[in-house]
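Colleague: Structure supplied as target-v9.cif; contents: mmCIF, C-alpha atoms.
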```
data_run
#
loop_
_atom_site.label_atom_id
_atom_site.label_comp_id
_atom_site.auth_asym_id
_atom_site.auth_seq_id
_atom_site.Cartn_x
_atom_site.Cartn_y
_atom_site.Cartn_z
CA MET A 1 3.11 30.09 24.02
CA LYS A 2 -0.05 28.35 25.18
CA LYS A 3 -1.24 28.29 21.59
CA LYS A 4 1.91 26.49 20.48
CA ILE A 5 1.49 23.81 23.15
CA LEU A 6 -2.14 23.40 22.16
CA ILE A 7 -1.27 22.97 18.47
CA GLY A 8 1.48 20.53 19.42
CA LEU A 9 -0.95 18.48 21.49
CA LEU A 10 -3.47 18.53 18.66
CA ILE A 11 -0.91 17.23 16.16
CA ALA A 12 0.15 14.52 18.61
CA ALA A 13 -3.48 13.47 19.14
CA VAL A 14 -4.08 13.24 15.39
CA ALA A 15 -0.87 11.23 14.94
CA VAL A 16 -1.94 8.80 17.66
CA ALA A 17 -5.43 8.45 16.14
CA VAL A 18 -3.99 7.78 12.68
CA GLY A 19 -1.55 5.28 14.19
CA ILE A 20 -4.31 3.40 16.00
CA TRP A 21 -6.44 3.35 12.85
CA PHE A 22 -3.52 2.20 10.69
CA PHE A 23 -2.08 -0.54 12.90
CA GLY A 24 -5.34 -1.55 14.53
CA PHE A 25 -7.74 -1.50 11.61
CA TYR A 26 -6.16 -0.84 8.24
CA LYS A 27 -3.00 -2.99 8.31
CA PRO A 28 -4.57 -6.24 9.60
CA THR A 29 -7.22 -6.20 6.87
CA HIS A 30 -5.30 -4.77 3.93
CA PHE A 31 -1.75 -6.09 4.16
CA LYS A 32 -0.84 -9.55 2.95
CA ARG A 33 1.59 -11.85 4.64
CA ASP A 34 4.79 -12.09 2.60
CA VAL A 35 7.16 -15.02 3.21
CA ALA A 36 10.01 -13.04 1.68
CA ASP A 37 10.20 -11.00 4.91
CA GLU A 38 10.08 -13.97 7.25
CA GLN A 39 12.65 -16.14 8.97
CA ALA A 40 12.11 -19.64 7.56
CA ILE A 41 12.65 -23.17 8.88
CA THR A 42 15.18 -24.79 6.50
CA ILE A 43 14.67 -28.41 5.48
CA THR A 44 14.95 -30.80 2.52
CA ALA A 45 11.86 -32.14 0.74
CA LYS A 46 12.89 -35.69 1.67
CA ASP A 47 13.14 -34.95 5.38
CA MET A 48 9.92 -32.96 5.44
CA VAL A 49 7.88 -35.83 3.93
CA LYS A 50 9.56 -38.26 6.34
CA GLU A 51 8.59 -36.13 9.33
CA PHE A 52 4.94 -35.96 8.23
CA GLN A 53 4.83 -39.71 7.55
CA ALA A 54 6.45 -40.58 10.88
CA ASN A 55 4.12 -38.43 12.98
CA GLU A 56 1.64 -36.10 11.33
CA ASP A 57 0.51 -34.47 14.59
CA SER A 58 3.97 -33.42 15.69
CA ALA A 59 4.90 -32.37 12.15
CA ASN A 60 1.72 -30.25 12.03
CA LYS A 61 2.77 -28.53 15.27
CA LYS A 62 6.22 -27.86 13.86
CA PHE A 63 5.34 -26.72 10.33
CA LEU A 64 1.69 -25.58 10.03
CA ASN A 65 1.31 -21.95 9.00
CA LYS A 66 5.09 -21.42 9.31
CA ALA A 67 7.43 -20.10 6.63
CA ILE A 68 9.53 -23.01 5.35
CA ALA A 69 12.48 -23.02 2.93
CA ILE A 70 12.46 -26.44 1.25
CA THR A 71 15.22 -27.75 -0.98
CA GLY A 72 14.58 -30.63 -3.35
CA GLU A 73 14.72 -32.06 -6.84
CA VAL A 74 11.98 -30.89 -9.21
CA ILE A 75 9.93 -33.79 -10.60
CA GLU A 76 7.16 -31.70 -12.10
CA ALA A 77 6.67 -28.03 -12.87
CA LYS A 78 3.34 -26.95 -14.33
CA LYS A 79 0.35 -24.63 -14.07
CA ASN A 80 -2.72 -25.37 -11.97
CA GLN A 81 -6.28 -24.79 -13.19
CA ASP A 82 -6.19 -21.29 -11.72
CA GLY A 83 -3.13 -20.42 -13.86
CA LYS A 84 -0.61 -20.40 -10.97
CA SER A 85 2.74 -22.15 -11.29
CA THR A 86 3.25 -25.29 -9.23
CA VAL A 87 6.40 -27.26 -8.47
CA THR A 88 6.58 -30.76 -7.06
CA LEU A 89 9.74 -31.58 -5.08
CA LYS A 90 10.82 -35.20 -4.83
CA SER A 91 10.97 -37.28 -1.67
CA ASP A 92 12.09 -40.90 -1.19
CA ASP A 93 8.46 -42.08 -1.49
CA SER A 94 7.07 -41.64 -4.99
CA PHE A 95 3.48 -41.48 -3.68
CA SER A 96 4.18 -38.54 -1.41
CA ASN A 97 6.15 -35.45 -2.33
CA VAL A 98 6.14 -31.73 -1.58
CA TYR A 99 3.60 -29.85 -3.71
CA CYS A 100 4.28 -26.10 -3.89
CA THR A 101 2.03 -23.44 -5.39
CA LEU A 102 3.95 -20.28 -6.28
CA LYS A 103 2.45 -16.85 -5.78
CA GLU A 104 4.28 -15.38 -8.74
CA GLU A 105 5.89 -16.76 -11.88
CA GLY A 106 8.96 -18.76 -10.92
CA GLY A 107 10.60 -18.35 -14.32
CA GLU A 108 11.83 -21.45 -16.12
CA ILE A 109 12.13 -24.42 -13.79
CA ASN A 110 13.55 -27.64 -15.25
CA ASN A 111 12.67 -31.15 -14.16
CA GLY A 112 15.62 -32.76 -12.43
CA SER A 113 17.11 -29.48 -11.20
CA THR A 114 17.49 -28.83 -7.49
CA ILE A 115 15.81 -25.69 -6.22
CA THR A 116 14.85 -24.02 -2.94
CA VAL A 117 11.32 -22.78 -2.48
CA LYS A 118 10.13 -20.62 0.42
CA GLY A 119 6.46 -20.75 1.31
CA ILE A 120 3.81 -21.42 3.94
CA CYS A 121 3.01 -25.01 4.93
CA THR A 122 -0.73 -25.73 5.15
CA GLY A 123 -0.41 -29.43 5.99
CA PHE A 124 -0.31 -32.95 4.59
CA LEU A 125 -2.72 -34.58 2.13
CA SER A 126 -1.08 -37.14 -0.15
CA ASP A 127 1.71 -34.57 -0.48
CA VAL A 128 3.04 -31.98 1.93
CA VAL A 129 1.35 -28.78 0.72
CA ILE A 130 3.17 -25.43 0.46
CA ILE A 131 1.42 -22.27 -0.75
CA ASP A 132 2.14 -18.57 -1.40
CA ALA A 133 5.65 -19.69 -2.28
CA ILE A 134 8.58 -17.99 -3.97
CA VAL A 135 11.66 -19.59 -5.57
CA ILE A 136 14.70 -18.36 -3.65
CA LYS A 137 17.42 -20.48 -5.29
CA LYS A 138 17.73 -22.48 -8.48
CA MET B 1 -6.30 -69.41 -35.90
CA LYS B 2 -9.62 -67.67 -36.49
CA GLN B 3 -10.90 -68.80 -33.10
CA PHE B 4 -7.74 -67.51 -31.50
CA PHE B 5 -8.30 -64.01 -32.88
CA PHE B 6 -11.91 -64.15 -31.89
CA LEU B 7 -10.86 -65.11 -28.37
CA LEU B 8 -8.35 -62.27 -28.32
CA ILE B 9 -10.97 -59.72 -29.36
CA ALA B 10 -13.48 -61.10 -26.85
CA LEU B 11 -10.90 -60.95 -24.07
CA ASN B 12 -9.99 -57.41 -25.02
CA THR B 13 -13.64 -56.31 -24.90
CA VAL B 14 -14.03 -57.83 -21.46
CA LEU B 15 -10.88 -56.10 -20.23
CA VAL B 16 -11.94 -52.73 -21.63
CA SER B 17 -15.42 -52.93 -20.13
CA PHE B 18 -14.04 -53.87 -16.70
CA SER B 19 -11.15 -51.47 -16.58
CA GLN B 20 -12.00 -48.34 -14.70
CA LYS B 21 -10.23 -45.06 -14.83
CA THR B 22 -9.46 -42.78 -11.93
CA TYR B 23 -9.42 -39.08 -12.73
CA ALA B 24 -7.36 -37.14 -10.23
CA THR B 25 -6.06 -33.67 -9.47
CA LYS B 26 -4.11 -32.01 -6.67
CA SER B 27 -5.18 -28.50 -7.54
CA ALA B 28 -8.95 -28.53 -7.43
CA GLN B 29 -10.53 -25.26 -6.34
CA VAL B 30 -12.93 -25.01 -3.41
CA LYS B 31 -14.56 -21.65 -2.71
CA PHE B 32 -17.04 -20.61 -0.10
CA TYR B 33 -19.26 -17.59 0.07
CA SER B 34 -21.79 -16.18 2.48
CA HIS B 35 -23.61 -12.91 2.51
CA THR B 36 -25.24 -10.71 5.13
CA PRO B 37 -25.79 -6.96 4.95
CA ALA B 38 -22.94 -6.59 7.47
CA GLU B 39 -20.36 -8.84 5.91
CA ASP B 40 -19.61 -10.92 2.84
CA ILE B 41 -17.30 -13.80 3.50
CA GLU B 42 -15.39 -15.32 0.64
CA ALA B 43 -12.32 -17.51 0.50
CA THR B 44 -10.59 -19.78 -1.98
CA ASN B 45 -8.48 -22.90 -1.68
CA ASN B 46 -6.57 -23.96 -4.81
CA GLN B 47 -4.84 -27.06 -3.44
CA ALA B 48 -7.70 -29.48 -2.90
CA GLU B 49 -7.20 -33.07 -3.96
CA SER B 50 -10.03 -34.68 -5.88
CA LYS B 51 -10.60 -38.09 -7.44
CA LEU B 52 -13.39 -39.36 -9.66
CA ILE B 53 -13.75 -42.98 -10.78
CA ASP B 54 -15.65 -43.33 -14.04
CA LYS B 55 -17.23 -46.78 -13.59
CA THR B 56 -18.32 -46.58 -9.96
CA GLY B 57 -18.99 -42.84 -9.75
CA GLN B 58 -16.95 -42.55 -6.57
CA LEU B 59 -16.05 -38.92 -5.90
CA MET B 60 -13.62 -37.64 -3.30
CA PHE B 61 -12.31 -34.26 -2.17
CA SER B 62 -9.84 -33.47 0.57
CA LEU B 63 -8.31 -30.15 1.51
CA LEU B 64 -6.38 -28.28 4.16
CA ILE B 65 -8.25 -25.60 6.10
CA LYS B 66 -5.14 -23.39 6.37
CA GLY B 67 -5.06 -23.29 2.56
CA PHE B 68 -8.09 -20.98 2.38
CA ARG B 69 -7.09 -17.47 1.36
CA PHE B 70 -9.23 -14.40 2.18
CA GLU B 71 -8.91 -10.89 0.81
CA ASN B 72 -8.96 -9.77 4.43
CA GLU B 73 -6.19 -11.39 6.48
CA LEU B 74 -7.85 -10.55 9.79
CA MET B 75 -10.92 -12.50 8.68
CA GLN B 76 -8.61 -15.36 7.72
CA GLU B 77 -7.15 -15.35 11.23
CA HIS B 78 -10.61 -15.48 12.82
CA PHE B 79 -11.66 -18.25 10.41
CA ASN B 80 -8.72 -20.41 11.55
CA GLY B 81 -9.26 -19.59 15.24
CA LYS B 82 -10.80 -21.76 17.97
CA ASP B 83 -14.37 -20.35 17.71
CA TYR B 84 -14.59 -21.06 14.00
CA MET B 85 -12.57 -23.72 12.13
CA ASP B 86 -9.98 -24.43 14.85
CA SER B 87 -7.57 -25.45 12.12
CA ASP B 88 -4.70 -26.28 14.50
CA LYS B 89 -6.83 -29.10 15.89
CA PHE B 90 -8.73 -29.97 12.69
CA PRO B 91 -6.39 -29.24 9.77
CA LYS B 92 -8.41 -31.09 7.10
CA ALA B 93 -11.85 -31.33 5.58
CA GLU B 94 -13.00 -34.18 3.39
CA PHE B 95 -15.85 -35.33 1.18
CA LYS B 96 -16.32 -38.97 0.23
CA GLY B 97 -19.31 -39.90 -1.85
CA THR B 98 -20.70 -41.11 -5.13
CA ILE B 99 -22.40 -39.82 -8.23
CA ALA B 100 -25.52 -41.98 -8.38
CA ASN B 101 -26.23 -41.48 -12.08
CA ILE B 102 -22.63 -41.74 -13.31
CA ALA B 103 -23.91 -43.90 -16.19
CA ALA B 104 -25.33 -40.67 -17.67
CA VAL B 105 -21.77 -39.47 -18.31
CA ASN B 106 -20.10 -40.54 -21.53
CA PHE B 107 -16.41 -40.01 -20.75
CA THR B 108 -15.46 -40.47 -24.40
CA LYS B 109 -17.85 -37.86 -25.79
CA ASP B 110 -17.56 -34.09 -25.31
CA GLY B 111 -20.44 -32.63 -23.36
CA ILE B 112 -21.76 -31.24 -20.09
CA TYR B 113 -23.52 -33.91 -18.07
CA ASN B 114 -25.81 -33.16 -15.12
CA VAL B 115 -25.29 -35.49 -12.20
CA ASN B 116 -26.28 -35.88 -8.55
CA ALA B 117 -23.59 -36.33 -5.95
CA SER B 118 -24.10 -37.36 -2.36
CA GLY B 119 -21.85 -38.47 0.44
CA ASN B 120 -20.20 -37.71 3.74
CA LEU B 121 -18.71 -34.31 4.35
CA THR B 122 -16.35 -34.09 7.31
CA ILE B 123 -15.47 -30.67 8.69
CA ARG B 124 -14.02 -30.06 12.16
CA GLY B 125 -14.24 -33.79 12.91
CA ILE B 126 -18.02 -33.82 12.36
CA THR B 127 -19.47 -35.86 9.49
CA LYS B 128 -22.76 -34.98 7.78
CA LEU B 129 -24.50 -36.36 4.75
CA VAL B 130 -24.70 -33.82 1.93
CA THR B 131 -26.24 -33.97 -1.52
CA ALA B 132 -25.44 -31.67 -4.39
CA LYS B 133 -26.28 -31.12 -8.00
CA ALA B 134 -23.12 -31.24 -10.05
CA THR B 135 -21.89 -31.29 -13.60
CA VAL B 136 -19.23 -33.43 -15.21
CA THR B 137 -17.76 -31.81 -18.32
CA VAL B 138 -15.78 -33.64 -20.98
CA THR B 139 -13.81 -31.39 -23.34
CA LYS B 140 -11.41 -33.05 -25.78
CA GLY B 141 -10.80 -35.89 -23.38
CA VAL B 142 -10.24 -33.60 -20.38
CA VAL B 143 -12.71 -34.31 -17.59
CA SER B 144 -13.76 -31.74 -15.03
CA SER B 145 -16.42 -31.51 -12.34
CA LYS B 146 -18.27 -28.63 -10.77
CA SER B 147 -20.78 -28.44 -7.96
CA VAL B 148 -22.46 -25.82 -5.81
CA PHE B 149 -24.16 -26.65 -2.53
CA LYS B 150 -25.01 -25.11 0.82
CA ILE B 151 -24.15 -26.20 4.33
CA LYS B 152 -25.31 -24.97 7.72
CA ILE B 153 -22.28 -23.67 9.57
CA LYS B 154 -23.52 -24.69 13.01
CA ASP B 155 -23.91 -28.32 11.88
CA PHE B 156 -20.15 -28.60 12.08
CA GLY B 157 -19.62 -27.38 15.63
CA LEU B 158 -18.57 -23.80 14.93
CA THR B 159 -19.43 -21.71 17.95
CA GLY B 160 -18.55 -18.14 16.88
CA LYS B 161 -21.06 -15.74 18.44
CA ASP B 162 -21.45 -13.80 15.19
CA ILE B 163 -22.94 -16.78 13.32
CA GLY B 164 -26.57 -16.03 12.58
CA SER B 165 -26.12 -12.27 12.90
CA VAL B 166 -23.06 -10.68 11.29
CA ILE B 167 -22.21 -14.02 9.64
CA ALA B 168 -24.90 -15.90 7.71
CA ASN B 169 -26.10 -19.32 8.89
CA ASP B 170 -25.49 -20.90 5.51
CA MET B 171 -22.31 -21.14 3.50
CA GLU B 172 -22.38 -21.69 -0.22
CA ILE B 173 -19.60 -24.01 -1.36
CA THR B 174 -18.40 -24.20 -4.95
CA THR B 175 -16.01 -26.92 -6.10
CA THR B 176 -14.26 -26.94 -9.47
CA ALA B 177 -11.91 -29.77 -10.37
CA LYS B 178 -10.08 -30.15 -13.63
CA TYR B 179 -8.69 -33.69 -13.69
CA ASN B 180 -5.37 -34.24 -15.40
#
```
Kindly present the structure from the file in structure tokens form.

Modeller:
Amino acid sequence: MKKKILIGLLIAAVAVAVGIWFFGFYKPTHFKRDVADEQAITITAKDMVKEFQANEDSANKKFLNKAIAITGEVIEAKKNQDGKSTVTLKSDDSFSNVYCTLKEEGGEINNGSTITVKGICTGFLSDVVIIDAIVIKK
Amino acid sequence: MKQFFFLLIALNTVLVSFSQKTYATKSAQVKFYSHTPAEDIEATNNQAESKLIDKTGQLMFSLLIKGFRFENELMQEHFNGKDYMDSDKFPKAEFKGTIANIAAVNFTKDGIYNVNASGNLTIRGITKLVTAKATVTVTKGVVSSKSVFKIKIKDFGLTGKDIGSVIANDMEITTTAKYN
């Protein structure tokens, strides 16, 4: 009987150790954030650019590093110099749009079509920048 | 009539010689790398904006700190944290400078041209003068630039206690921009 309890305790101890190693050390360094699993802020490309132009600081607080689902009209779909697909979504200001870099092939995306892209907002240069994105509707 | 054509050609030459072209991209790549026996740090940003003006040699880069991607996400978290880049407070970094010997580059002829760039690099709200050897490459009319230079991390107000021990003092920065 004592032996059984001892073995039980041993197994429990090993399980706890593995758990600590996995969640404490392995997972944070080996797993990648995936927007597909995240609850996103939903917004149009037009409104997002407007918010950044009106007040960049407050827009940064609202959007930076968050998962965002942006809907807008495609004005350019191409490949960047690293070979990744990029999509530019139109705003009301032709100098400032939403520039999305996809993490996987988005399939065929036509200029003029309206699509929804889900990705992580890194901030505002001349465009609002979205990275690690996926196309969720087209 | 002859004079008129002559005038037209002369005017055209003047216009061509004065017109300058801006080469621009929104997907330049900026990488950094540092090495110590304890830890290699490496991250890449593929959404940097860069502009190069052929006549004046003006060169500009701007990027978002949160756009750097690490293999190790925990390292990425530390990088963005208060002791290091504090990217909530300082979301951008920027370089504004010039290529002194831009005249050495023939933008109409294929080739790899060695140039010297210098200018102000702003990271974490702190601006320092940096100089770098760079190349401008022209391939079938497509212009690209590349440079590698080193910065001292502590110059830019990073306070992380591991800098100088686990983390090297210097960071090597590589920029690659293909203008389109």

Colleague: Using atom CA of A:Thr44 and atom CA of A:Leu64 as the two end points, give the distance in Å to one decimal.

Modeller: 16.1 Å

Colleague: Find the distance between atom CA of B:Phe70 and atom CA of B:Ala117 and write it in Å to one decimal.

Modeller: 27.4 Å

Colleague: Evaluate the PyMOL selection byres ((chain A) within 10 of (chain B)) on the structure here and hand back the selected residues as a ChimeraX atom specification.

Modeller: /A:25-33,57,60-61,64-65,79-82,84,86,99-101,120-127,129-132

Colleague: Put those residues in a file: C-alpha atoms, as a CSV table (one decimal), in the coordinates of the input.

Modeller:
```csv
chain,number,residue,atom,x,y,z
A,25,PHE,CA,-7.7,-1.5,11.6
A,26,TYR,CA,-6.2,-0.8,8.2
A,27,LYS,CA,-3.0,-3.0,8.3
A,28,PRO,CA,-4.6,-6.2,9.6
A,29,THR,CA,-7.2,-6.2,6.9
A,30,HIS,CA,-5.3,-4.8,3.9
A,31,PHE,CA,-1.8,-6.1,4.2
A,32,LYS,CA,-0.8,-9.6,3.0
A,33,ARG,CA,1.6,-11.8,4.6
A,57,ASP,CA,0.5,-34.5,14.6
A,60,ASN,CA,1.7,-30.2,12.0
A,61,LYS,CA,2.8,-28.5,15.3
A,64,LEU,CA,1.7,-25.6,10.0
A,65,ASN,CA,1.3,-22.0,9.0
A,79,LYS,CA,0.4,-24.6,-14.1
A,80,ASN,CA,-2.7,-25.4,-12.0
A,81,GLN,CA,-6.3,-24.8,-13.2
A,82,ASP,CA,-6.2,-21.3,-11.7
A,84,LYS,CA,-0.6,-20.4,-11.0
A,86,THR,CA,3.2,-25.3,-9.2
A,99,TYR,CA,3.6,-29.8,-3.7
A,100,CYS,CA,4.3,-26.1,-3.9
A,101,THR,CA,2.0,-23.4,-5.4
A,120,ILE,CA,3.8,-21.4,3.9
A,121,CYS,CA,3.0,-25.0,4.9
A,122,THR,CA,-0.7,-25.7,5.2
A,123,GLY,CA,-0.4,-29.4,6.0
A,124,PHE,CA,-0.3,-33.0,4.6
A,125,LEU,CA,-2.7,-34.6,2.1
A,126,SER,CA,-1.1,-37.1,-0.2
A,127,ASP,CA,1.7,-34.6,-0.5
A,129,VAL,CA,1.4,-28.8,0.7
A,130,ILE,CA,3.2,-25.4,0.5
A,131,ILE,CA,1.4,-22.3,-0.8
A,132,ASP,CA,2.1,-18.6,-1.4
```

Colleague: What is the distance, in Å and to one decimal place, between atom CA of B:Lys55 and atom CA of B:Ala103?

Modeller: 7.7 Å

Colleague: Please enumerate the residues selected by the PyMOL selection byres ((chain A and resi 113) around 12) when evaluated against the supplied file, formatted as a PyMOL selection string.

Modeller: chain A and resi 71-77+87-90+108-112+114-116+137-138

Colleague: Store the residues of this selection in a file with C-alpha atoms, as a PDB file, in the coordinates of the input.

Modeller:
```pdb
ATOM      1  CA  THR A  71      15.220 -27.750  -0.980  1.00  0.00           C
ATOM      2  CA  GLY A  72      14.580 -30.630  -3.350  1.00  0.00           C
ATOM      3  CA  GLU A  73      14.720 -32.060  -6.840  1.00  0.00           C
ATOM      4  CA  VAL A  74      11.980 -30.890  -9.210  1.00  0.00           C
ATOM      5  CA  ILE A  75       9.930 -33.790 -10.600  1.00  0.00           C
ATOM      6  CA  GLU A  76       7.160 -31.700 -12.100  1.00  0.00           C
ATOM      7  CA  ALA A  77       6.670 -28.030 -12.870  1.00  0.00           C
ATOM      8  CA  VAL A  87       6.400 -27.260  -8.470  1.00  0.00           C
ATOM      9  CA  THR A  88       6.580 -30.760  -7.060  1.00  0.00           C
ATOM     10  CA  LEU A  89       9.740 -31.580  -5.080  1.00  0.00           C
ATOM     11  CA  LYS A  90      10.820 -35.200  -4.830  1.00  0.00           C
ATOM     12  CA  GLU A 108      11.830 -21.450 -16.120  1.00  0.00           C
ATOM     13  CA  ILE A 109      12.130 -24.420 -13.790  1.00  0.00           C
ATOM     14  CA  ASN A 110      13.550 -27.640 -15.250  1.00  0.00           C
ATOM     15  CA  ASN A 111      12.670 -31.150 -14.160  1.00  0.00           C
ATOM     16  CA  GLY A 112      15.620 -32.760 -12.430  1.00  0.00           C
ATOM     17  CA  THR A 114      17.490 -28.830  -7.490  1.00  0.00           C
ATOM     18  CA  ILE A 115      15.810 -25.690  -6.220  1.00  0.00           C
ATOM     19  CA  THR A 116      14.850 -24.020  -2.940  1.00  0.00           C
ATOM     20  CA  LYS A 137      17.420 -20.480  -5.290  1.00  0.00           C
ATOM     21  CA  LYS A 138      17.730 -22.480  -8.480  1.00  0.00           C
TER      22      LYS A 138
END
```

Colleague: Step by step: start from the point (-24.5, -23.2, 15.7) in the file's coordinates, keep every protein, DNA or RNA residue that has an atom no farther than 12 Å from it, count all atoms listed in the file, and write the set as a list in words.

Modeller: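 The residues near that point, listed by chain and number, are Asp83, Tyr84, Ile151, Lys152, Ile153, Lys154, Asp155, Phe156, Gly157, Leu158, Thr159, Gly160, Lys161, Asp162, Ile163, Gly164, Ser165, Ile167, Ala168, Asn169 and Asp170 of chain B.
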
Colleague: Find the residues near A:Val35: any atom within 8 Å, counting all atoms listed in the file, skip ones fewer than 2 places away on the same chain, and give them as a list in words.

Modeller: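 In the requested format, the answer is Arg33, Asp37, Glu38, Ala67, Lys118, Gly119, Ile120, Asp132, Ala133 and Ile134 of chain A.
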
Colleague: Hey, what comes out of the PyMOL selection byres ((chain B and resi 32) around 6) on this file? Could you write it as a PyMOL selection string?

Modeller: chain B and resi 31+33+42-43+172-173

Colleague: Would you save the residues from that selection as a compact mmCIF listing (two decimals), in the coordinates of the input, using C-alpha atoms?

Modeller:
```
# COMPACT_ATOMS: atom_id res chain seq x y z
CA LYS B 31 -14.56 -21.65 -2.71
CA TYR B 33 -19.26 -17.59 0.07
CA GLU B 42 -15.39 -15.32 0.64
CA ALA B 43 -12.32 -17.51 0.50
CA GLU B 172 -22.38 -21.69 -0.22
CA ILE B 173 -19.60 -24.01 -1.36
```

Colleague: Which polymer residues, whether protein, DNA or RNA, lie within 9 Å of the coordinate (-23.6, -34.2, -10.4) when you count all atoms listed in the file? List them as an mmCIF file with C-alpha atoms, keeping the file's coordinate frame, using the chain letters and numbers from the file.

Modeller:
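That gives us result.cif:
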```cif
data_model
loop_
_atom_site.group_PDB
_atom_site.id
_atom_site.type_symbol
_atom_site.label_atom_id
_atom_site.label_comp_id
_atom_site.auth_asym_id
_atom_site.auth_seq_id
_atom_site.Cartn_x
_atom_site.Cartn_y
_atom_site.Cartn_z
ATOM 1 C CA ILE B 99 -22.400 -39.820 -8.230
ATOM 2 C CA ALA B 100 -25.520 -41.980 -8.380
ATOM 3 C CA ASN B 101 -26.230 -41.480 -12.080
ATOM 4 C CA ILE B 102 -22.630 -41.740 -13.310
ATOM 5 C CA TYR B 113 -23.520 -33.910 -18.070
ATOM 6 C CA ASN B 114 -25.810 -33.160 -15.120
ATOM 7 C CA VAL B 115 -25.290 -35.490 -12.200
ATOM 8 C CA ASN B 116 -26.280 -35.880 -8.550
ATOM 9 C CA ALA B 117 -23.590 -36.330 -5.950
ATOM 10 C CA SER B 118 -24.100 -37.360 -2.360
ATOM 11 C CA ALA B 132 -25.440 -31.670 -4.390
ATOM 12 C CA LYS B 133 -26.280 -31.120 -8.000
ATOM 13 C CA ALA B 134 -23.120 -31.240 -10.050
ATOM 14 C CA THR B 135 -21.890 -31.290 -13.600
ATOM 15 C CA VAL B 136 -19.230 -33.430 -15.210
ATOM 16 C CA SER B 145 -16.420 -31.510 -12.340
ATOM 17 C CA LYS B 146 -18.270 -28.630 -10.770
ATOM 18 C CA SER B 147 -20.780 -28.440 -7.960
#
```

Colleague: Please return the centre and edge lengths, in Å to one decimal, of a box with edges along x, y and z that contains all listed atoms of stretch 114-120 of chain B, widened by 5 Å on every side, as JSON.

Modeller:
```
{"center_x": -23.2, "center_y": -35.8, "center_z": -5.7, "size_x": 16.1, "size_y": 15.3, "size_z": 28.9}
```
